[in-house]
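A short worksheet on the structure shown next.
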Amino acid sequence: MESFYHLKVAGLERNLPICKLNETLSIAGFVMFSDVELTITCAAELLKKLPEWDVLLTAESKGIPLAYEMARQSNKNYILARKSTKLYMQNAVGIEVKSITTERIQKLYLDQTDLQKLKGKRVAIVDDVISTGESLNALVELATYAQGNIVAQAAVLAEGEAADRTDIIYLEKLPLIENH
């Protein structure tokens with residue numbers, strides 16, 4: 001029988017599947033893809049908590065629906081750090097990242113056009129979940145390289161010890177689950 005974690009966030013409730021990370025730890029699988037109500041509602045609630053900002057920065061791919069919806073609701077733009085370089089990307093800059101939900105080390109890339117869009121701007125970094133902070137750190141490094149002024153680091157959920165951080169904005173805590 002599959003087990004779930006019951007999440008309450010932004011006035012909504014969802015049952016998240018428990019996913020085994022390793023022999024000792026599991027996580028609740030939070031995915032905003034395909035859940036339009038959750039995406040719209042969480043974006044609105046997160047926007048209420050952010051300071052003034054000019055542009056959002058997120059990582060491919062789970063942060064995309066959130067960043068898009070936040071940008072849409074505020075009529076501002078967002079920039080996407082890609083997991084691989086694309087043909088249209090000119091002189092891309094890459095930063096290594098090791099996420100809790102990905103087995104291998106990845107890179108996040110921004111091209112020169114996107115780096116210029118961040119330069120001198122108030123940047124709010126957003127993602128669906130902050131856990132170890134590795135993806136967040138890579139986005140901070142990219143924004144800093146671009147000479148953007150980071151005004152906020154935000155997510156829908158702060159997982160595990162991330163919930164104890166004072167430098168991030170989030171809507172709800174998400175526990176790490178010990179396997180027995």
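Residues are named by chain letter and number: chains run A, B, ... in the order of the structure tokens, numbers start at 1 in each chain, and ligands are numbered from 1 in the order shown.
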
Per residue of range 75-172 of chain A within 10 Å of range 3-15 of chain A, record the nearest atom pair and its distance in Å to one decimal, counting only C-alpha atoms, with rows in chain order and ascending residue number, as CSV.
residue,atom,partner,partner_atom,distance
A:Val156,CA,A:Val9,CA,8.1
A:Leu157,CA,A:Val9,CA,8.6
A:Leu171,CA,A:Val9,CA,6.7
A:Glu172,CA,A:Val9,CA,6.1

Would you mind writing down, as a short mmCIF file (atom, residue, chain, number, x, y, z; two decimals) with N, CA, C and O atoms, in the first residue's frame, each residue of range 18-159 of chain A that DSSP on the backbone assigns to helix (DSSP H, G or I)?
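Writing the result to part-v8.cif gives the following:
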data_model
loop_
_atom_site.label_atom_id
_atom_site.label_comp_id
_atom_site.auth_asym_id
_atom_site.auth_seq_id
_atom_site.Cartn_x
_atom_site.Cartn_y
_atom_site.Cartn_z
N VAL A 36 -2.89 23.12 -11.85
CA VAL A 36 -3.05 24.54 -12.14
C VAL A 36 -3.54 25.30 -10.91
O VAL A 36 -3.03 26.39 -10.59
N GLU A 37 -4.51 24.75 -10.19
CA GLU A 37 -5.03 25.43 -9.00
C GLU A 37 -3.91 25.67 -7.99
O GLU A 37 -3.78 26.76 -7.44
N LEU A 38 -3.10 24.66 -7.74
CA LEU A 38 -2.01 24.78 -6.79
C LEU A 38 -0.99 25.82 -7.25
O LEU A 38 -0.52 26.65 -6.46
N THR A 39 -0.65 25.79 -8.52
CA THR A 39 0.33 26.72 -9.07
C THR A 39 -0.14 28.16 -8.95
O THR A 39 0.59 29.04 -8.47
N ILE A 40 -1.37 28.43 -9.35
CA ILE A 40 -1.92 29.79 -9.31
C ILE A 40 -2.00 30.30 -7.87
O ILE A 40 -1.59 31.42 -7.56
N THR A 41 -2.49 29.46 -6.99
CA THR A 41 -2.69 29.86 -5.60
C THR A 41 -1.37 30.08 -4.88
O THR A 41 -1.19 31.08 -4.18
N CYS A 42 -0.43 29.17 -5.05
CA CYS A 42 0.88 29.32 -4.41
C CYS A 42 1.64 30.52 -4.95
O CYS A 42 2.31 31.24 -4.20
N ALA A 43 1.54 30.76 -6.25
CA ALA A 43 2.19 31.93 -6.85
C ALA A 43 1.66 33.21 -6.22
O ALA A 43 2.43 34.11 -5.85
N ALA A 44 0.36 33.31 -6.08
CA ALA A 44 -0.25 34.51 -5.48
C ALA A 44 0.20 34.70 -4.04
O ALA A 44 0.54 35.82 -3.63
N GLU A 45 0.24 33.63 -3.26
CA GLU A 45 0.64 33.72 -1.87
C GLU A 45 2.12 34.06 -1.72
O GLU A 45 2.50 34.84 -0.85
N LEU A 46 2.94 33.50 -2.58
CA LEU A 46 4.38 33.79 -2.52
C LEU A 46 4.65 35.24 -2.92
O LEU A 46 5.49 35.91 -2.31
N LEU A 47 3.93 35.73 -3.92
CA LEU A 47 4.10 37.13 -4.35
C LEU A 47 3.82 38.10 -3.21
O LEU A 47 4.47 39.14 -3.10
N LYS A 48 2.88 37.78 -2.34
CA LYS A 48 2.55 38.65 -1.21
C LYS A 48 3.71 38.78 -0.23
O LYS A 48 3.80 39.75 0.50
N LYS A 49 4.60 37.80 -0.22
CA LYS A 49 5.70 37.77 0.74
C LYS A 49 6.99 38.37 0.19
O LYS A 49 7.92 38.61 0.96
N ILE A 64 9.58 26.03 -13.23
CA ILE A 64 9.00 26.76 -14.37
C ILE A 64 7.55 27.17 -14.16
O ILE A 64 7.22 28.35 -14.34
N PRO A 65 6.64 26.25 -13.80
CA PRO A 65 5.24 26.70 -13.67
C PRO A 65 5.06 27.79 -12.61
O PRO A 65 4.30 28.73 -12.82
N LEU A 66 5.78 27.67 -11.51
CA LEU A 66 5.68 28.67 -10.45
C LEU A 66 6.19 30.03 -10.93
O LEU A 66 5.52 31.05 -10.76
N ALA A 67 7.39 30.05 -11.51
CA ALA A 67 7.97 31.32 -11.97
C ALA A 67 7.11 31.93 -13.06
O ALA A 67 6.88 33.16 -13.06
N TYR A 68 6.62 31.12 -13.98
CA TYR A 68 5.76 31.64 -15.03
C TYR A 68 4.52 32.30 -14.43
O TYR A 68 4.14 33.42 -14.80
N GLU A 69 3.86 31.60 -13.51
CA GLU A 69 2.62 32.13 -12.94
C GLU A 69 2.87 33.38 -12.09
O GLU A 69 2.09 34.32 -12.13
N MET A 70 3.97 33.40 -11.36
CA MET A 70 4.31 34.60 -10.59
C MET A 70 4.58 35.78 -11.53
O MET A 70 4.14 36.90 -11.27
N ALA A 71 5.28 35.52 -12.61
CA ALA A 71 5.57 36.56 -13.59
C ALA A 71 4.27 37.03 -14.26
O ALA A 71 4.05 38.23 -14.44
N ARG A 72 3.41 36.10 -14.60
CA ARG A 72 2.14 36.45 -15.23
C ARG A 72 1.27 37.31 -14.31
O ARG A 72 0.75 38.34 -14.72
N GLN A 73 1.16 36.91 -13.07
CA GLN A 73 0.33 37.65 -12.13
C GLN A 73 0.87 39.05 -11.84
O GLN A 73 0.11 39.97 -11.56
N SER A 74 2.18 39.22 -11.93
CA SER A 74 2.79 40.52 -11.64
C SER A 74 3.12 41.32 -12.90
O SER A 74 3.59 42.45 -12.81
N GLN A 112 24.37 34.83 -22.55
CA GLN A 112 24.70 36.25 -22.38
C GLN A 112 23.46 37.15 -22.40
O GLN A 112 23.41 38.14 -21.66
N THR A 113 22.47 36.82 -23.18
CA THR A 113 21.25 37.62 -23.23
C THR A 113 20.57 37.63 -21.86
O THR A 113 20.17 38.69 -21.36
N ASP A 114 20.44 36.45 -21.25
CA ASP A 114 19.80 36.38 -19.94
C ASP A 114 20.66 37.00 -18.85
O ASP A 114 20.14 37.65 -17.93
N LEU A 115 21.97 36.83 -18.94
CA LEU A 115 22.85 37.48 -17.97
C LEU A 115 22.68 39.00 -18.01
O LEU A 115 22.65 39.65 -16.96
N GLN A 116 22.54 39.55 -19.21
CA GLN A 116 22.34 41.00 -19.35
C GLN A 116 20.99 41.44 -18.77
O GLN A 116 20.87 42.54 -18.23
N LYS A 117 19.99 40.58 -18.88
CA LYS A 117 18.66 40.90 -18.32
C LYS A 117 18.68 40.93 -16.79
O LYS A 117 17.80 41.53 -16.17
N LEU A 118 19.66 40.29 -16.18
CA LEU A 118 19.79 40.28 -14.72
C LEU A 118 20.67 41.42 -14.20
O LEU A 118 20.51 41.85 -13.06
N GLU A 134 21.25 23.40 -2.73
CA GLU A 134 22.25 23.35 -3.79
C GLU A 134 21.78 24.04 -5.07
O GLU A 134 22.54 24.79 -5.69
N SER A 135 20.55 23.80 -5.48
CA SER A 135 20.02 24.47 -6.67
C SER A 135 19.95 25.98 -6.44
O SER A 135 20.30 26.78 -7.31
N LEU A 136 19.50 26.34 -5.25
CA LEU A 136 19.42 27.75 -4.88
C LEU A 136 20.80 28.41 -4.94
O LEU A 136 20.96 29.50 -5.48
N ASN A 137 21.81 27.72 -4.39
CA ASN A 137 23.17 28.26 -4.42
C ASN A 137 23.67 28.48 -5.84
O ASN A 137 24.33 29.48 -6.12
N ALA A 138 23.36 27.56 -6.74
CA ALA A 138 23.77 27.71 -8.14
C ALA A 138 23.09 28.92 -8.77
O ALA A 138 23.71 29.68 -9.51
N LEU A 139 21.80 29.12 -8.46
CA LEU A 139 21.08 30.28 -9.00
C LEU A 139 21.64 31.58 -8.42
O LEU A 139 21.78 32.58 -9.14
N VAL A 140 21.97 31.58 -7.14
CA VAL A 140 22.60 32.75 -6.52
C VAL A 140 23.92 33.07 -7.21
O VAL A 140 24.21 34.22 -7.53
N GLU A 141 24.71 32.02 -7.48
CA GLU A 141 26.00 32.22 -8.13
C GLU A 141 25.82 32.80 -9.54
O GLU A 141 26.56 33.70 -9.95
N LEU A 142 24.82 32.29 -10.28
CA LEU A 142 24.56 32.82 -11.62
C LEU A 142 24.11 34.28 -11.56
O LEU A 142 24.57 35.12 -12.35
N ALA A 143 23.20 34.59 -10.64
CA ALA A 143 22.71 35.97 -10.52
C ALA A 143 23.84 36.91 -10.10
O ALA A 143 23.93 38.04 -10.60
N THR A 144 24.69 36.45 -9.21
CA THR A 144 25.82 37.25 -8.75
C THR A 144 26.81 37.48 -9.90
O THR A 144 27.29 38.60 -10.10
N TYR A 145 27.09 36.43 -10.65
CA TYR A 145 27.96 36.54 -11.82
C TYR A 145 27.42 37.59 -12.80
O TYR A 145 28.17 38.36 -13.39
#

*Select, from A:Val55, A:Val97, A:Ala162, A:Leu174, the residue with the minimum atom-to-atom distance to Asn149 in chain A, counting only C-alpha atoms.*
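When distances to Asn149 in chain A are compared using only C-alpha atoms, the smallest one comes from A:Val55.
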
*Would you give me, as a PyMOL selection string, the residues in chain A that DSSP reads as strand (DSSP E or B)?*
chain A and resi 4-9+12-20+25-28+55-59+77-82+93-97+106-110+122-130+149-159+169-174+177-178

*Compile the contact shell of Ala154 in chain A as a list in words: residues with an atom at most 7 Å away, counting only C-alpha atoms, same-chain residues fewer than 3 positions apart removed.*
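Those residues are Ile125, Val126, Asp127, Ile168, Ile169 and Tyr170 of chain A.
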
*Please, what distance in Å, to one decimal, runs between CA of Phe33 in chain A and CA of Glu60 in chain A?*
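So the two atoms, CA of Phe33 in chain A and CA of Glu60 in chain A, lie 12.3 Å apart.
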
*Can you pull out every residue within 10 Å of Glu52 in chain A, counting only C-alpha atoms, but drop anything in the same chain fewer than 5 positions away, and send it as JSON, numbers by chain?*
{"A": [47, 122, 123, 124, 151, 152]}

*If you count only C-alpha atoms, which residues fall within 8 Å of Arg82 in chain A, apart from same-chain ones fewer than 4 positions away, as a VMD selection string?*
chain A and resid 59 to 60 108 to 110

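Here CA of Gly94 in chain A is placed at a distance of 26.0 Å from CA of Arg165 in chain A.
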
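Closest to Ala146 in chain A among A:Asp111, A:Asp54, A:Asp128, A:Asp35 is A:Asp111, based on only C-alpha atoms.
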